[in-house]
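Quick look at upload.cif (mmCIF, C-alpha atoms (C1' of nucleotides)):
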```cif
data_final
loop_
_atom_site.group_PDB
_atom_site.id
_atom_site.type_symbol
_atom_site.label_atom_id
_atom_site.label_comp_id
_atom_site.auth_asym_id
_atom_site.auth_seq_id
_atom_site.Cartn_x
_atom_site.Cartn_y
_atom_site.Cartn_z
ATOM 1 C CA MET T 1 105.688 153.396 169.607
ATOM 2 C CA GLN T 2 105.762 151.097 172.588
ATOM 3 C CA PRO T 3 109.212 149.455 172.719
ATOM 4 C CA PRO T 4 108.285 145.926 171.751
ATOM 5 C CA VAL T 5 111.395 143.893 172.291
ATOM 6 C CA GLU T 6 114.832 143.513 173.780
ATOM 7 C CA GLY T 7 118.140 142.279 172.455
ATOM 8 C CA GLY T 8 118.116 139.985 169.461
ATOM 9 C CA VAL T 9 114.459 139.196 169.873
ATOM 10 C CA LEU T 10 113.546 141.560 167.032
ATOM 11 C CA ALA T 11 115.324 139.265 164.583
ATOM 12 C CA GLU T 12 113.478 136.280 166.004
ATOM 13 C CA ILE T 13 110.146 138.064 165.501
ATOM 14 C CA LEU T 14 110.770 139.370 161.983
ATOM 15 C CA ASP T 15 112.937 136.583 160.619
ATOM 16 C CA GLY T 16 112.256 133.565 162.804
ATOM 17 C CA GLY T 17 109.753 131.771 160.612
ATOM 18 C CA GLN T 18 106.548 133.762 161.052
ATOM 19 C CA ALA T 19 107.155 136.171 158.179
ATOM 20 C CA PHE T 20 109.333 135.935 155.089
ATOM 21 C CA ARG T 21 109.422 139.459 153.728
ATOM 22 C CA TRP T 22 111.860 141.186 156.083
ATOM 23 C CA LEU T 23 115.429 141.773 154.947
ATOM 24 C CA ARG T 24 118.254 143.012 157.148
ATOM 25 C CA GLY T 25 120.617 145.523 155.557
ATOM 26 C CA THR T 26 124.310 145.649 156.348
ATOM 27 C CA ASP T 27 123.485 148.625 158.569
ATOM 28 C CA GLY T 28 121.315 146.378 160.717
ATOM 29 C CA ILE T 29 118.115 148.038 159.549
ATOM 30 C CA TRP T 30 115.200 145.756 158.721
ATOM 31 C CA THR T 31 113.016 146.521 155.710
ATOM 32 C CA GLY T 32 109.692 144.757 155.415
ATOM 33 C CA VAL T 33 106.695 144.712 153.081
ATOM 34 C CA TRP T 34 103.199 143.526 153.906
ATOM 35 C CA ALA T 35 100.007 144.322 152.000
ATOM 36 C CA GLY T 36 100.652 147.781 150.522
ATOM 37 C CA ASN T 37 102.945 148.808 153.363
ATOM 38 C CA ILE T 38 106.694 149.193 153.506
ATOM 39 C CA ALA T 39 108.554 150.003 156.695
ATOM 40 C CA ARG T 40 112.074 150.169 158.034
ATOM 41 C CA LEU T 41 112.827 149.133 161.611
ATOM 42 C CA ARG T 42 115.913 149.752 163.688
ATOM 43 C CA GLN T 43 116.841 148.652 167.165
ATOM 44 C CA THR T 44 118.046 151.836 168.884
ATOM 45 C CA SER T 45 118.850 150.435 172.312
ATOM 46 C CA ALA T 46 118.290 147.344 174.393
ATOM 47 C CA SER T 47 114.558 147.913 174.255
ATOM 48 C CA GLY T 48 114.034 150.812 171.850
ATOM 49 C CA LEU T 49 112.667 150.610 168.347
ATOM 50 C CA GLN T 50 112.671 153.214 165.592
ATOM 51 C CA TRP T 51 110.607 153.028 162.428
ATOM 52 C CA SER T 52 110.357 154.951 159.200
ATOM 53 C CA ALA T 53 108.329 154.780 156.012
ATOM 54 C CA PRO T 54 107.993 156.706 152.748
ATOM 55 C CA ALA T 55 106.643 160.133 153.656
ATOM 56 C CA ALA T 56 103.471 159.796 151.600
ATOM 57 C CA LEU T 57 102.335 156.752 153.517
ATOM 58 C CA ALA T 58 103.893 157.336 156.923
ATOM 59 C CA PRO T 59 100.615 157.975 158.782
ATOM 60 C CA ALA T 60 98.987 154.855 157.328
ATOM 61 C CA VAL T 61 102.073 152.742 157.913
ATOM 62 C CA ARG T 62 102.277 153.865 161.525
ATOM 63 C CA ALA T 63 98.796 152.520 162.232
ATOM 64 C CA ALA T 64 99.415 149.387 160.183
ATOM 65 C CA LEU T 65 102.710 148.752 161.948
ATOM 66 C CA VAL T 66 101.239 148.909 165.446
ATOM 67 C CA HIS T 67 98.692 146.313 164.395
ATOM 68 C CA TYR T 68 101.204 144.180 162.477
ATOM 69 C CA LEU T 69 103.705 144.076 165.331
ATOM 70 C CA ASN T 70 100.963 143.433 167.846
ATOM 71 C CA ALA T 71 102.531 146.307 169.779
ATOM 72 C CA ALA T 72 99.571 147.473 171.835
ATOM 73 C CA PRO T 73 100.523 148.248 175.443
ATOM 74 C CA ASP T 74 98.671 145.202 176.783
ATOM 75 C CA ALA T 75 100.430 142.709 174.491
ATOM 76 C CA GLY T 76 102.574 141.483 177.387
ATOM 77 C CA ASP T 77 99.477 140.322 179.224
ATOM 78 C CA LEU T 78 99.114 137.427 176.820
ATOM 79 C CA ALA T 79 102.480 135.999 177.788
ATOM 80 C CA ASP T 80 101.703 136.367 181.465
ATOM 81 C CA ALA T 81 98.580 134.261 180.955
ATOM 82 C CA LEU T 82 100.672 131.285 179.823
ATOM 83 C CA PRO T 83 101.285 128.540 182.437
ATOM 84 C CA TRP T 84 104.943 129.463 182.978
ATOM 85 C CA ARG T 85 104.518 129.351 186.750
ATOM 86 C CA SER T 86 103.978 125.595 186.598
ATOM 87 C CA ASP T 87 106.106 124.810 183.550
ATOM 88 C CA ASP T 88 109.848 125.232 184.043
ATOM 89 C CA HIS T 89 110.788 124.730 180.429
ATOM 90 C CA LEU T 90 108.262 127.272 179.201
ATOM 91 C CA ALA T 91 109.552 129.729 181.821
ATOM 92 C CA ARG T 92 113.078 129.188 180.535
ATOM 93 C CA CYS T 93 112.030 129.782 176.917
ATOM 94 C CA MET T 94 110.161 132.944 177.860
ATOM 95 C CA ALA T 95 113.159 134.270 179.772
ATOM 96 C CA ALA T 96 115.384 133.635 176.751
ATOM 97 C CA PHE T 97 113.163 135.643 174.385
ATOM 98 C CA PRO T 98 111.669 138.517 176.383
ATOM 99 C CA GLY T 99 109.051 140.383 174.400
ATOM 100 C CA LEU T 100 108.669 137.735 171.725
ATOM 101 C CA ARG T 101 105.356 138.199 169.978
ATOM 102 C CA LEU T 102 103.144 136.894 167.236
ATOM 103 C CA LEU T 103 102.736 139.052 164.167
ATOM 104 C CA ARG T 104 99.347 139.841 162.666
ATOM 105 C CA GLN T 105 99.954 139.404 158.968
ATOM 106 C CA PRO T 106 97.447 139.636 156.121
ATOM 107 C CA PHE T 107 95.529 136.364 155.863
ATOM 108 C CA GLY T 108 95.943 135.737 152.133
ATOM 109 C CA GLU T 109 99.653 136.557 152.159
ATOM 110 C CA THR T 110 100.217 134.230 155.077
ATOM 111 C CA LEU T 111 98.514 131.397 153.196
ATOM 112 C CA LEU T 112 100.729 132.019 150.183
ATOM 113 C CA CYS T 113 103.937 132.086 152.234
ATOM 114 C CA PHE T 114 103.134 128.872 154.089
ATOM 115 C CA LEU T 115 102.185 127.082 150.881
ATOM 116 C CA CYS T 116 105.815 127.749 149.969
ATOM 117 C CA SER T 117 107.154 126.402 153.257
ATOM 118 C CA PRO T 118 107.028 122.560 153.160
ATOM 119 C CA THR T 119 110.512 121.035 153.424
ATOM 120 C CA LYS T 120 112.135 124.424 152.979
ATOM 121 C CA GLN T 121 114.170 126.545 155.324
ATOM 122 C CA ILE T 122 113.616 130.218 155.952
ATOM 123 C CA VAL T 123 116.217 131.501 153.464
ATOM 124 C CA GLN T 124 114.712 129.488 150.656
ATOM 125 C CA ILE T 125 111.136 130.469 151.487
ATOM 126 C CA LYS T 126 112.190 134.115 151.480
ATOM 127 C CA GLN T 127 113.737 133.651 148.073
ATOM 128 C CA MET T 128 110.576 132.102 146.641
ATOM 129 C CA VAL T 129 108.240 134.798 147.943
ATOM 130 C CA ALA T 130 110.645 137.522 146.810
ATOM 131 C CA LEU T 131 110.470 136.150 143.262
ATOM 132 C CA LEU T 132 106.691 135.795 143.445
ATOM 133 C CA ALA T 133 106.394 139.429 144.494
ATOM 134 C CA GLU T 134 108.891 140.732 141.964
ATOM 135 C CA ARG T 135 107.387 138.873 139.004
ATOM 136 C CA HIS T 136 103.696 138.716 139.828
ATOM 137 C CA GLY T 137 102.927 141.370 142.439
ATOM 138 C CA ALA T 138 102.083 145.033 141.900
ATOM 139 C CA PRO T 139 104.791 147.628 142.581
ATOM 140 C CA LEU T 140 104.276 149.530 145.806
ATOM 141 C CA ALA T 141 102.465 152.780 145.098
ATOM 142 C CA SER T 142 104.237 154.668 147.839
ATOM 143 C CA GLU T 143 107.775 154.417 146.609
ATOM 144 C CA ASP T 144 109.517 157.415 145.180
ATOM 145 C CA ALA T 145 110.568 156.454 141.653
ATOM 146 C CA ASP T 146 113.272 159.142 141.433
ATOM 147 C CA ALA T 147 114.884 158.097 144.672
ATOM 148 C CA ARG T 148 114.869 154.526 143.429
ATOM 149 C CA ALA T 149 116.572 155.500 140.208
ATOM 150 C CA ARG T 150 119.234 157.489 142.063
ATOM 151 C CA ASN T 151 120.030 154.543 144.284
ATOM 152 C CA ASP T 152 119.780 152.114 141.390
ATOM 153 C CA GLN T 153 117.398 149.986 143.392
ATOM 154 C CA PRO T 154 114.677 147.824 141.890
ATOM 155 C CA ALA T 155 111.087 148.678 142.679
ATOM 156 C CA ARG T 156 109.610 146.812 145.596
ATOM 157 C CA HIS T 157 106.488 144.831 144.987
ATOM 158 C CA ARG T 158 103.744 143.526 147.159
ATOM 159 C CA LEU T 159 102.900 139.839 147.048
ATOM 160 C CA PRO T 160 100.404 138.882 144.355
ATOM 161 C CA THR T 161 96.801 138.558 145.498
ATOM 162 C CA TRP T 162 95.014 135.234 145.010
ATOM 163 C CA GLY T 163 93.059 136.849 142.197
ATOM 164 C CA GLU T 164 96.313 137.732 140.486
ATOM 165 C CA LEU T 165 97.758 134.275 141.099
ATOM 166 C CA ALA T 166 94.748 132.672 139.437
ATOM 167 C CA ARG T 167 95.929 134.202 136.168
ATOM 168 C CA VAL T 168 99.515 132.928 136.462
ATOM 169 C CA SER T 169 100.415 129.661 134.753
ATOM 170 C CA GLU T 170 101.867 126.812 136.749
ATOM 171 C CA SER T 171 105.063 126.906 134.715
ATOM 172 C CA ALA T 172 105.502 130.608 135.485
ATOM 173 C CA LEU T 173 105.125 129.721 139.153
ATOM 174 C CA ARG T 174 107.662 126.943 138.824
ATOM 175 C CA ALA T 175 110.079 129.505 137.456
ATOM 176 C CA CYS T 176 109.946 131.164 140.881
ATOM 177 C CA ARG T 177 111.851 128.157 142.299
ATOM 178 C CA LEU T 178 108.750 126.772 143.929
ATOM 179 C CA GLY T 179 109.307 123.155 142.870
ATOM 180 C CA PHE T 180 106.309 120.941 143.595
ATOM 181 C CA ARG T 181 104.753 123.806 145.591
ATOM 182 C CA ALA T 182 103.897 125.503 142.288
ATOM 183 C CA GLY T 183 101.109 122.983 141.669
ATOM 184 C CA HIS T 184 99.689 123.536 145.135
ATOM 185 C CA ILE T 185 99.632 127.303 144.708
ATOM 186 C CA HIS T 186 98.201 127.080 141.217
ATOM 187 C CA ARG T 187 95.376 124.738 142.253
ATOM 188 C CA THR T 188 94.656 126.744 145.394
ATOM 189 C CA ALA T 189 94.354 129.900 143.279
ATOM 190 C CA GLN T 190 91.865 128.128 140.969
ATOM 191 C CA PHE T 191 89.928 126.825 143.971
ATOM 192 C CA LEU T 192 89.630 130.315 145.424
ATOM 193 C CA ALA T 193 88.783 131.914 142.073
ATOM 194 C CA ASP T 194 85.765 129.603 141.839
ATOM 195 C CA ARG T 195 84.570 130.544 145.327
ATOM 196 C CA PRO T 196 84.164 134.276 145.946
ATOM 197 C CA GLY T 197 84.134 135.121 149.659
ATOM 198 C CA TRP T 198 85.641 131.775 150.655
ATOM 199 C CA MET T 199 88.738 133.340 152.216
ATOM 200 C CA GLU T 200 86.783 136.014 154.072
ATOM 201 C CA HIS T 201 84.460 133.387 155.529
ATOM 202 C CA THR T 202 87.422 131.229 156.523
ATOM 203 C CA GLU T 203 89.261 134.097 158.175
ATOM 204 C CA THR T 204 86.349 134.881 160.464
ATOM 205 C CA ALA T 205 85.028 131.350 161.091
ATOM 206 C CA PRO T 206 85.562 129.680 164.486
ATOM 207 C CA TYR T 207 88.977 128.049 164.840
ATOM 208 C CA ALA T 208 87.954 124.421 164.259
ATOM 209 C CA GLU T 209 85.887 125.289 161.196
ATOM 210 C CA ALA T 210 88.546 127.604 159.769
ATOM 211 C CA ARG T 211 91.155 124.866 160.163
ATOM 212 C CA GLU T 212 88.983 122.288 158.415
ATOM 213 C CA ARG T 213 88.298 124.668 155.564
ATOM 214 C CA LEU T 214 91.986 125.492 155.066
ATOM 215 C CA CYS T 215 92.819 121.787 154.967
ATOM 216 C CA LEU T 216 90.593 121.481 151.892
ATOM 217 C CA LEU T 217 93.139 123.499 149.924
ATOM 218 C CA PRO T 218 95.739 121.555 147.928
ATOM 219 C CA GLY T 219 99.034 121.632 149.770
ATOM 220 C CA VAL T 220 97.501 122.656 153.084
ATOM 221 C CA GLY T 221 97.655 120.123 155.897
ATOM 222 C CA GLU T 222 97.190 120.597 159.616
ATOM 223 C CA LYS T 223 100.571 122.228 160.191
ATOM 224 C CA VAL T 224 100.238 124.806 157.435
ATOM 225 C CA ALA T 225 96.625 125.507 158.394
ATOM 226 C CA ASP T 226 97.674 126.232 161.975
ATOM 227 C CA CYS T 227 100.492 128.538 160.832
ATOM 228 C CA VAL T 228 98.094 130.507 158.636
ATOM 229 C CA LEU T 229 95.596 130.873 161.476
ATOM 230 C CA LEU T 230 98.235 131.740 164.068
ATOM 231 C CA PHE T 231 100.323 134.200 162.067
ATOM 232 C CA GLY T 232 97.655 135.448 159.657
ATOM 233 C CA ALA T 233 94.420 135.464 161.638
ATOM 234 C CA GLY T 234 95.395 136.032 165.248
ATOM 235 C CA ARG T 235 94.074 132.620 166.349
ATOM 236 C CA LEU T 236 96.259 132.055 169.378
ATOM 237 C CA GLU T 237 94.734 128.658 170.077
ATOM 238 C CA ALA T 238 96.358 127.324 166.901
ATOM 239 C CA PHE T 239 99.344 125.096 167.736
ATOM 240 C CA PRO T 240 101.425 124.281 164.634
ATOM 241 C CA VAL T 241 103.462 121.119 165.041
ATOM 242 C CA ASP T 242 106.575 120.940 162.887
ATOM 243 C CA VAL T 243 109.786 118.993 163.369
ATOM 244 C CA TRP T 244 111.133 121.558 165.838
ATOM 245 C CA ILE T 245 108.067 121.359 168.054
ATOM 246 C CA LEU T 246 108.104 117.569 167.762
ATOM 247 C CA ARG T 247 111.685 117.679 168.977
ATOM 248 C CA ALA T 248 110.916 120.142 171.755
ATOM 249 C CA MET T 249 107.988 118.131 173.070
ATOM 250 C CA SER T 250 110.006 114.946 172.884
ATOM 251 C CA ARG T 251 112.965 116.408 174.760
ATOM 252 C CA HIS T 252 111.287 118.560 177.350
ATOM 253 C CA TYR T 253 107.852 117.032 177.846
ATOM 254 C CA HIS T 254 108.730 113.343 177.459
ATOM 255 C CA LEU T 255 106.390 112.877 174.530
ATOM 256 C CA SER T 256 108.715 111.060 172.163
ATOM 257 C CA GLY T 257 106.882 108.874 169.693
ATOM 258 C CA TRP T 258 103.721 110.973 169.783
ATOM 259 C CA LYS T 259 102.231 111.855 166.437
ATOM 260 C CA PRO T 260 101.846 115.494 165.336
ATOM 261 C CA ALA T 261 98.056 115.479 165.817
ATOM 262 C CA GLN T 262 98.477 114.137 169.356
ATOM 263 C CA ILE T 263 101.112 116.750 170.132
ATOM 264 C CA ALA T 264 98.812 119.497 168.817
ATOM 265 C CA GLN T 265 95.991 118.289 171.053
ATOM 266 C CA PHE T 266 98.333 118.067 174.039
ATOM 267 C CA GLY T 267 99.679 121.549 173.317
ATOM 268 C CA ARG T 268 96.264 123.182 173.215
ATOM 269 C CA ALA T 269 95.246 121.395 176.423
ATOM 270 C CA HIS T 270 98.469 122.039 178.331
ATOM 271 C CA PHE T 271 99.198 125.623 177.286
ATOM 272 C CA GLY T 272 95.629 126.881 177.123
ATOM 273 C CA ARG T 273 93.913 129.619 175.121
ATOM 274 C CA PHE T 274 97.183 131.160 173.938
ATOM 275 C CA ALA T 275 98.902 127.852 173.115
ATOM 276 C CA GLY T 276 100.176 129.295 169.847
ATOM 277 C CA LEU T 277 102.226 131.886 171.716
ATOM 278 C CA ALA T 278 103.742 129.171 173.898
ATOM 279 C CA GLN T 279 104.537 127.275 170.703
ATOM 280 C CA GLN T 280 106.445 130.295 169.410
ATOM 281 C CA TYR T 281 108.612 130.437 172.545
ATOM 282 C CA LEU T 282 109.343 126.704 172.401
ATOM 283 C CA PHE T 283 110.104 126.968 168.699
ATOM 284 C CA ALA T 284 112.514 129.871 169.138
ATOM 285 C CA TRP T 285 114.332 128.133 171.984
ATOM 286 C CA GLU T 286 114.633 124.846 170.126
ATOM 287 C CA ARG T 287 115.924 126.520 166.995
ATOM 288 C CA GLN T 288 118.455 128.578 168.906
ATOM 289 C CA ASN T 289 119.744 125.460 170.632
ATOM 290 C CA ARG T 290 119.779 123.284 167.551
ATOM 291 C CA VAL T 291 122.380 120.558 167.402
ATOM 292 C "C1'" DT N 1 136.614 128.443 142.044
ATOM 293 C "C1'" DG N 2 133.803 124.696 140.972
ATOM 294 C "C1'" DA N 3 131.539 120.273 141.050
ATOM 295 C "C1'" DC N 4 128.993 117.061 143.924
ATOM 296 C "C1'" DA N 5 125.978 114.902 147.079
ATOM 297 C "C1'" DG N 6 122.778 115.291 150.997
ATOM 298 C "C1'" DG N 7 118.798 116.830 152.967
ATOM 299 C "C1'" DG N 8 115.100 120.116 153.892
ATOM 300 C "C1'" DG N 9 110.140 124.012 159.377
ATOM 301 C "C1'" DG N 10 105.115 118.999 154.855
ATOM 302 C "C1'" DT N 11 101.432 117.012 152.130
ATOM 303 C "C1'" DG N 12 99.164 113.422 149.610
ATOM 304 C "C1'" DT N 13 98.898 108.609 148.156
ATOM 305 C "C1'" DA W 1 106.576 104.394 154.049
ATOM 306 C "C1'" DC W 2 107.795 107.176 149.975
ATOM 307 C "C1'" DA W 3 107.539 110.445 146.195
ATOM 308 C "C1'" DC W 4 107.147 115.200 145.203
ATOM 309 C "C1'" DC W 5 110.975 119.472 143.078
ATOM 310 C "C1'" DC W 6 115.054 121.650 143.308
ATOM 311 C "C1'" DC W 7 117.846 124.987 145.836
ATOM 312 C "C1'" DC W 8 120.861 125.828 149.737
ATOM 313 C "C1'" DT W 9 124.767 124.280 152.242
ATOM 314 C "C1'" DG W 10 128.783 121.891 153.418
ATOM 315 C "C1'" DT W 11 132.515 119.374 151.610
ATOM 316 C "C1'" DC W 12 135.976 117.812 148.652
#
```

Write the structure described by the file as structure tokens, please.
Amino acid sequence: MQPPVEGGVLAEILDGGQAFRWLRGTDGIWTGVWAGNIARLRQTSASGLQWSAPAALAPAVRAALVHYLNAAPDAGDLADALPWRSDDHLARCMAAFPGLRLLRQPFGETLLCFLCSPTKQIVQIKQMVALLAERHGAPLASEDADARARNDQPARHRLPTWGELARVSESALRACRLGFRAGHIHRTAQFLADRPGWMEHTETAPYAEARERLCLLPGVGEKVADCVLLFGAGRLEAFPVDVWILRAMSRHYHLSGWKPAQIAQFGRAHFGRFAGLAQQYLFAWERQNRV
DNA sequence: TGACAGGGGGTGT
DNA sequence: ACACCCCCTGTC
């Protein structure tokens, strides 16, 4: 596989707020689950990456992983197309996180994870989705039950589908430490159950239409909609504005006092077609240099 | 080791 | 502007 990253950038990609289902073992190996896939990733050198998967699914996981990590050889071209030549702060962010990239996660799973995200930090979001998977998601078919028993490890589960979530009570969701997010997820599941094909249509609709449709869902506002489109649908024009981006734009672009919607519009205009990638660099830099 | 605030990557009213 | 829900974290 094409070496995707350098240094600590792998952690920023897997555990920096795009995805919530990667865990780092004490040995430094990352284990992640998405859709029916499970993979282990290890940084072997400054820019080398090693992966493994259960033997039965290794060929499928290899293909899925290349797509998921956005690791095609031309992935770097996207970053080069950003206006770093005329934007000193962006250039600085890009230099600090060489090889940073946007994941291509399953659309429905991304929606579920970001419905869990409001006013929560990464550790807590990971805890919620882990409970959702464990209690309401199907066990991964590929895992070797005997090996699990020997290691005394619990089975890994995929996240529940929206069809599965539609059959889970709100109180059962609340028991997954979701707080007020349980109602949002419950009502979104009912909404989707009543509208077959709604998600598929939304995933493939033009950006503006897809964003409007997502905002119809309970608990989805402009920020969450943009995260779902950016991390779960490959829409690089999406520019999620959270408190970190608000802070970054205030500090480095002299836009203090601007409202999130204005910042989003500015971001798309200033950074161009791949504004969402620029957002990810700014976000990573701001979070690393938090006060 | 344990109790106790404080605040959190947003949305909806 | 404020409630929503409650878990993590820092502090005593």

Take the PyMOL selection byres ((chain T) within 6 of (chain N)), apply it to the structure above, and return the hits as a PyMOL selection string. chain T and resi 118-120+219+242

Problem set entry | Resolved residues for the PyMOL selection byres ((chain T) within 10 of (chain W)) as a PyMOL selection string | chain T and resi 120-121+123-124+127+174+177-182

**Request:** Check which residues satisfy the PyMOL selection byres ((chain T and resi 267) around 12) in the file shown, then give them as a PyMOL selection string.
**Result:** chain T and resi 82-83+90+236-241+245-246+248-249+253+255+258+260-266+268-280+282

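The space separating CA of Tyr68 (chain T) from CA of Arg104 (chain T) comes to 4.7 Å.
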
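Closest to Glu109 (chain T) among T:Arg40, T:Arg62, T:Arg290, T:Arg158 is T:Arg158, based on only C-alpha atoms.
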
* To do: Find the residues near Ile38 (chain T): any atom within 7 Å, counting only C-alpha atoms (C1' of nucleotides), skip ones fewer than 5 places away on the same chain, and give them as a PyMOL selection string.
  => chain T and resi 32-33+53

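Relative to CA of Leu115 (chain T), CA of Val224 (chain T) is found at 7.2 Å.
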
Which centre and edge lengths in Å to one decimal define the box along x, y and z that fits every listed atom of region 54-63 of chain T plus 6 Å per side, as AutoDock Vina command-line options?
```
--center_x 103.4 --center_y 156.3 --center_z 156.9 --size_x 21.2 --size_y 19.6 --size_z 22.6
```

One decimal place gives the CA of Pro54 (chain T)-CA of Leu132 (chain T) separation as 22.9 Å

Please, can region 29-44 of chain T be completed to N, CA and C atoms and returned as an mmCIF file, in the coordinates of the input?
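Now in result_37.cif:
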```cif
data_model
loop_
_atom_site.group_PDB
_atom_site.id
_atom_site.type_symbol
_atom_site.label_atom_id
_atom_site.label_comp_id
_atom_site.auth_asym_id
_atom_site.auth_seq_id
_atom_site.Cartn_x
_atom_site.Cartn_y
_atom_site.Cartn_z
ATOM 1 N N ILE T 29 119.496 147.577 159.654
ATOM 2 C CA ILE T 29 118.115 148.038 159.549
ATOM 3 C C ILE T 29 117.279 147.013 158.794
ATOM 4 N N TRP T 30 116.122 146.702 159.360
ATOM 5 C CA TRP T 30 115.200 145.756 158.721
ATOM 6 C C TRP T 30 114.238 146.505 157.816
ATOM 7 N N THR T 31 114.034 145.971 156.605
ATOM 8 C CA THR T 31 113.016 146.521 155.710
ATOM 9 C C THR T 31 112.001 145.432 155.418
ATOM 10 N N GLY T 32 110.737 145.762 155.610
ATOM 11 C CA GLY T 32 109.692 144.757 155.415
ATOM 12 C C GLY T 32 108.532 145.282 154.600
ATOM 13 N N VAL T 33 107.866 144.381 153.891
ATOM 14 C CA VAL T 33 106.695 144.712 153.081
ATOM 15 C C VAL T 33 105.562 143.775 153.460
ATOM 16 N N TRP T 34 104.407 144.352 153.731
ATOM 17 C CA TRP T 34 103.199 143.526 153.906
ATOM 18 C C TRP T 34 102.013 144.333 153.388
ATOM 19 N N ALA T 35 101.089 143.653 152.720
ATOM 20 C CA ALA T 35 100.007 144.322 152.000
ATOM 21 C C ALA T 35 100.625 145.463 151.191
ATOM 22 N N GLY T 36 100.079 146.673 151.270
ATOM 23 C CA GLY T 36 100.652 147.781 150.522
ATOM 24 C C GLY T 36 101.624 148.601 151.331
ATOM 25 N N ASN T 37 102.079 148.054 152.458
ATOM 26 C CA ASN T 37 102.945 148.808 153.363
ATOM 27 C C ASN T 37 104.406 148.449 153.175
ATOM 28 N N ILE T 38 105.258 149.448 153.400
ATOM 29 C CA ILE T 38 106.694 149.193 153.506
ATOM 30 C C ILE T 38 107.209 149.982 154.692
ATOM 31 N N ALA T 39 108.029 149.328 155.510
ATOM 32 C CA ALA T 39 108.554 150.003 156.695
ATOM 33 C C ALA T 39 109.984 149.582 156.947
ATOM 34 N N ARG T 40 110.726 150.483 157.587
ATOM 35 C CA ARG T 40 112.074 150.169 158.034
ATOM 36 C C ARG T 40 112.094 150.198 159.549
ATOM 37 N N LEU T 41 112.780 149.232 160.157
ATOM 38 C CA LEU T 41 112.827 149.133 161.611
ATOM 39 C C LEU T 41 114.276 149.056 162.062
ATOM 40 N N ARG T 42 114.555 149.770 163.144
ATOM 41 C CA ARG T 42 115.913 149.752 163.688
ATOM 42 C C ARG T 42 115.859 149.652 165.201
ATOM 43 N N GLN T 43 116.695 148.776 165.718
ATOM 44 C CA GLN T 43 116.841 148.652 167.165
ATOM 45 C C GLN T 43 117.747 149.783 167.627
ATOM 46 N N THR T 44 117.250 150.679 168.479
ATOM 47 C CA THR T 44 118.046 151.836 168.884
ATOM 48 C C THR T 44 118.744 151.629 170.216
#
```
